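Participant: Handing you a structure now.
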Amino acid sequence: MKNLKENIDNFLKEFNEDIKDLNSLERLKEIEIKYIGKKSKLHSLLKIIGQLNTTEEKKEAGNLINNLKVNIETQINNLKETFQSKEIEEKLKQNSVDFTKPVFVERKGSLHPITLIKRDVDRILTGMGFSLVSGPEMESEYYNFEALNIPSTHPARDMQDTFFLLNEMILRTHTSSCQSRTLEKYKPPLRIFAPGKCFRYESIDASHETAFYQVEGLLVDQNITIANLIGTMKTLLSEIFTESDVEVRLRPGYFPFVEPGFELDIKCIICHGKGCSTCKNTGWLELVPCGMVHPNVLKYAKIDPEKYNGFAFGLGLTRLAMMRYKINDIRYFNSGDLRFLKQFR
Ligand code: DAH
């Protein structure tokens with residue numbers, strides 16, 4: 001018995017020595033055969049049982065050897081598992097695929113500030129019974145100028161102000177071209193608005209761009225007065241600036257397609273008329289050029305100016321966005337700079 005116990009001790013010592021610097025699964029398999037395989041050390045230990053005298057001793061020896069077997073088997077199995085998971089890890093590293101990573105990385109976009117302000121204006125004007133219309137950005141001189149009573153001597157018709165294209169068309173200089181197109185197509189009474197991009201041959205700086213956005217408004221009906229124009233503008237602008245009632249004033253302005261024509265100013269929404277840098281200390285902001293539709297514009301569309309009249313206005317969407325979001329340089333809008341765009345979440 002003493003002999004057996006010594007043998008078991010040596011067995012364990014040797015085994016522990018063998019697994020100390022173990023570095024491969026192959027080596028572990030060799031160790032497995034050596035210690036618990038058919039012709040292993042364990043088998044030679046079993047022979048000792050036969051040499052023992054009493055049943056008691058045989059029983060005890062059997063238990064000892066069995067415990068040893070279980071002990072060695074457990075250790076070997078644990079080592080196998082460790083090696084196998086190491087192997088998987090190694091393979092994953094080589095393929096550099098991490099299956100635990102989410103497949104899609106979330107990238108949220110944001111709406112352009114012009115889109116945000118345009119959506120507001122769309123909502124407010126539709127609520128007031130105006131219908132949304134659109135016209136082409138590549139436009140004929142007829143709809144952009146002629147039909148709007150803009151004479152060939154007008155500075156806008158100069159090469160320095162307008163992009164003239166090789167196909168004898170132009171890039172529309174304002175959304176007012178939608179006025180002449182609508183009047184020709186639909187008959188009064190009508191209320192429309194036309195948001196869109198306009199182009200001018202400008203030298204670009206903090207307040208001038210070659211491409212910018214406007215929204216045109218036009219109402220033609222019977223017995224329309226300047227009071228209707230003012231009322232509509234007050235409602236529209238109060239909604240845009242979320243004020244209960246913006247104060248407006250009219251100054252004379254010249255636009256060939258309206259008579260009389262106005263520059264409509266609003267009481268500065270920042271300082272409420274006291275004077276600040278936004279209104280250049282005047283207390284007023286020049287905001288909407290507008291006026292009563294010129295009889296010639298109606299005549300071009302074969303509408304009787306004796307029977308019908310109306311008003312029109314042109315709102316600078318780019319200018320509105322600059323005011324609302326306090327953007328001090330117009331060049332940001334078309335820059336595509338994500339640092340700018342991400343601020344409008
Ligand atoms: N189309 C003009 C421009 O771009 C703005 C304008 C002025 C539009 C008076 C109007 C208006 O409808 O009545 O400068």
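Simple scheme: letters A, B, ... for chains in structure tokens order, numbers from 1 for residues in each chain, numbers from 1 for ligands in the order shown.
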I'd like the contact shell of region 74-78 of chain A - 9 Å cut-off, only C-alpha atoms, skipping same-chain residues fewer than 6 positions apart - returned as JSON, numbers by chain.
Facilitator: {"A": [28, 29, 31, 32]}
Participant: Any idea what's packed within 8 Å of Ala312 (chain A), counting only C-alpha atoms, ignoring anything in its chain fewer than 4 positions away? Could you give it as a list of chain:residue names?
Facilitator: A:Glu216, A:Gly217, A:Leu218, A:Leu219, A:Val258, A:Cys290, A:Gly291, A:Met292, A:Val293
Participant: Using only C-alpha atoms, which protein or nucleic acid residues come within 8 Å of Phe83 (chain A)? Drop anything in the same chain fewer than 4 positions from it, and give the result as a ChimeraX atom specification.
Facilitator: /A:24-25,79,87
Participant: Which residues, written as number ranges by chain, have at least one atom at most 9 Å from Lys59 (chain A), with only C-alpha atoms counted and residues fewer than 5 positions away on the same chain left out?
Facilitator: A: 49, 54, 64
Participant: Those same residues, written as a tab-separated table (two decimals), in the first residue's frame with N, CA, C and O atoms?
Facilitator:
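This went into selection.tsv:
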```tsv
chain	number	residue	atom	x	y	z
A	49	ILE	N	-2.64	-3.65	-7.65
A	49	ILE	CA	-3.80	-4.17	-6.91
A	49	ILE	C	-3.73	-5.68	-6.74
A	49	ILE	O	-3.96	-6.24	-5.66
A	54	THR	N	-5.16	-8.31	1.26
A	54	THR	CA	-6.55	-8.32	1.76
A	54	THR	C	-7.48	-7.59	0.80
A	54	THR	O	-7.07	-6.74	0.02
A	64	LEU	N	-8.24	4.77	-4.62
A	64	LEU	CA	-7.15	5.75	-4.84
A	64	LEU	C	-6.85	5.93	-6.32
A	64	LEU	O	-6.73	7.05	-6.83
```
Participant: Identify, on the basis of only C-alpha atoms, every residue whose closest approach to region 11-18 of chain A does not exceed 10 Å; exclude the query and any residue fewer than 3 positions from it along the same chain; express the result as a ChimeraX atom specification.
Facilitator: /A:5-8,21-22,27-28,31-32,34-35,41-42,45,68,71-72
Participant: Could you list, as a PyMOL selection string, all residues that come within 9 Å of ligand 1? Count only C-alpha atoms and all ligand atoms.
Facilitator: chain A and resi 173-177+179+198+214-218+253-259+261-263+288-293+311-316
Participant: Could you give me, as an MDAnalysis selection string, the residues within 9 Å of Leu264 (chain A), counting only C-alpha atoms and dropping anything in the same chain fewer than 3 positions from it?
Facilitator: chainID A and resid 230 233 248:253 285:290
Participant: If you run DSSP on the backbone here, which positions in region 73-310 of chain A get helix (DSSP H, G or I)? Please write them as a compact mmCIF listing (two decimals) with C-alpha atoms, in the first residue's frame.
Facilitator:
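part-v4.txt, written as the output of this step:
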```txt
# COMPACT_ATOMS: atom_id res chain seq x y z
CA GLU A 73 -9.06 13.35 -16.78
CA THR A 74 -10.64 16.57 -15.44
CA GLN A 75 -7.35 18.44 -15.70
CA ILE A 76 -6.79 17.25 -19.26
CA ASN A 77 -10.32 18.16 -20.35
CA ASN A 78 -10.01 21.64 -18.86
CA LEU A 79 -6.72 22.16 -20.65
CA LYS A 80 -8.28 20.95 -23.92
CA GLU A 81 -11.08 23.52 -23.62
CA THR A 82 -8.62 26.32 -22.95
CA PHE A 83 -6.59 25.37 -26.01
CA GLN A 84 -9.64 25.12 -28.23
CA SER A 85 -11.00 28.54 -27.30
CA LYS A 86 -7.50 30.01 -27.73
CA GLU A 87 -7.40 28.52 -31.19
CA ILE A 88 -10.78 30.08 -32.11
CA GLU A 89 -9.63 33.45 -30.83
CA GLU A 90 -6.46 33.18 -32.90
CA LYS A 91 -8.46 32.38 -36.04
CA LEU A 92 -10.83 35.32 -35.43
CA LYS A 93 -7.88 37.66 -35.07
CA GLN A 94 -6.41 36.48 -38.35
CA ASN A 95 -9.68 37.07 -40.19
CA PRO A 113 -31.70 74.89 -42.36
CA ILE A 114 -33.27 76.04 -45.65
CA THR A 115 -35.42 72.88 -45.65
CA LEU A 116 -36.49 73.58 -42.07
CA ILE A 117 -37.57 77.15 -42.80
CA LYS A 118 -39.15 76.14 -46.13
CA ARG A 119 -41.27 73.50 -44.38
CA ASP A 120 -42.51 76.12 -41.92
CA VAL A 121 -43.43 78.56 -44.69
CA ASP A 122 -45.13 75.74 -46.66
CA ARG A 123 -47.20 74.80 -43.63
CA ILE A 124 -48.25 78.37 -42.84
CA LEU A 125 -49.14 79.37 -46.42
CA THR A 126 -51.04 76.16 -47.13
CA GLY A 127 -52.95 76.84 -43.92
CA GLU A 141 -36.36 85.11 -70.69
CA TYR A 142 -40.06 85.40 -71.44
CA TYR A 143 -41.31 84.03 -68.09
CA ASN A 144 -38.44 85.45 -66.04
CA GLU A 146 -40.92 89.77 -70.40
CA ALA A 147 -44.19 88.49 -68.96
CA LEU A 148 -43.32 90.22 -65.68
CA PRO A 155 -30.32 96.01 -65.06
CA ALA A 156 -31.41 92.42 -64.26
CA ARG A 157 -31.31 91.73 -67.99
CA SER A 177 -41.11 83.59 -62.93
CA CYS A 178 -43.65 81.24 -61.30
CA GLN A 179 -46.11 84.18 -61.24
CA SER A 180 -46.19 84.47 -65.03
CA ARG A 181 -46.32 80.69 -65.52
CA THR A 182 -49.21 80.29 -63.03
CA LEU A 183 -51.23 83.20 -64.40
CA GLU A 184 -50.95 81.75 -67.89
CA LYS A 185 -52.01 78.27 -66.79
CA ILE A 226 -53.24 96.84 -49.91
CA ALA A 227 -54.95 96.05 -46.58
CA ASN A 228 -55.31 92.42 -47.75
CA LEU A 229 -51.59 92.37 -48.58
CA ILE A 230 -50.63 93.79 -45.17
CA GLY A 231 -52.99 91.43 -43.31
CA THR A 232 -51.57 88.40 -45.12
CA MET A 233 -47.98 89.50 -44.47
CA LYS A 234 -48.64 90.12 -40.78
CA THR A 235 -50.19 86.69 -40.32
CA LEU A 236 -47.40 84.95 -42.24
CA LEU A 237 -44.56 86.75 -40.45
CA SER A 238 -46.10 86.45 -36.98
CA GLU A 239 -46.27 82.68 -37.52
CA ILE A 240 -42.72 82.47 -38.89
CA PRO A 295 -52.00 95.39 -64.84
CA ASN A 296 -49.50 94.56 -67.60
CA VAL A 297 -48.61 91.25 -65.89
CA LEU A 298 -52.31 90.30 -65.98
CA LYS A 299 -52.58 91.41 -69.60
CA TYR A 300 -49.66 89.18 -70.63
```
Participant: Once DSSP has gone over the backbone, tell me which residues of region 155-292 of chain A are in strand (DSSP E or B), as a VMD selection string.
Facilitator: chain A and resid 164 170 to 171 190 to 199 205 208 211 to 221 248 to 252 258 to 267 284 to 292
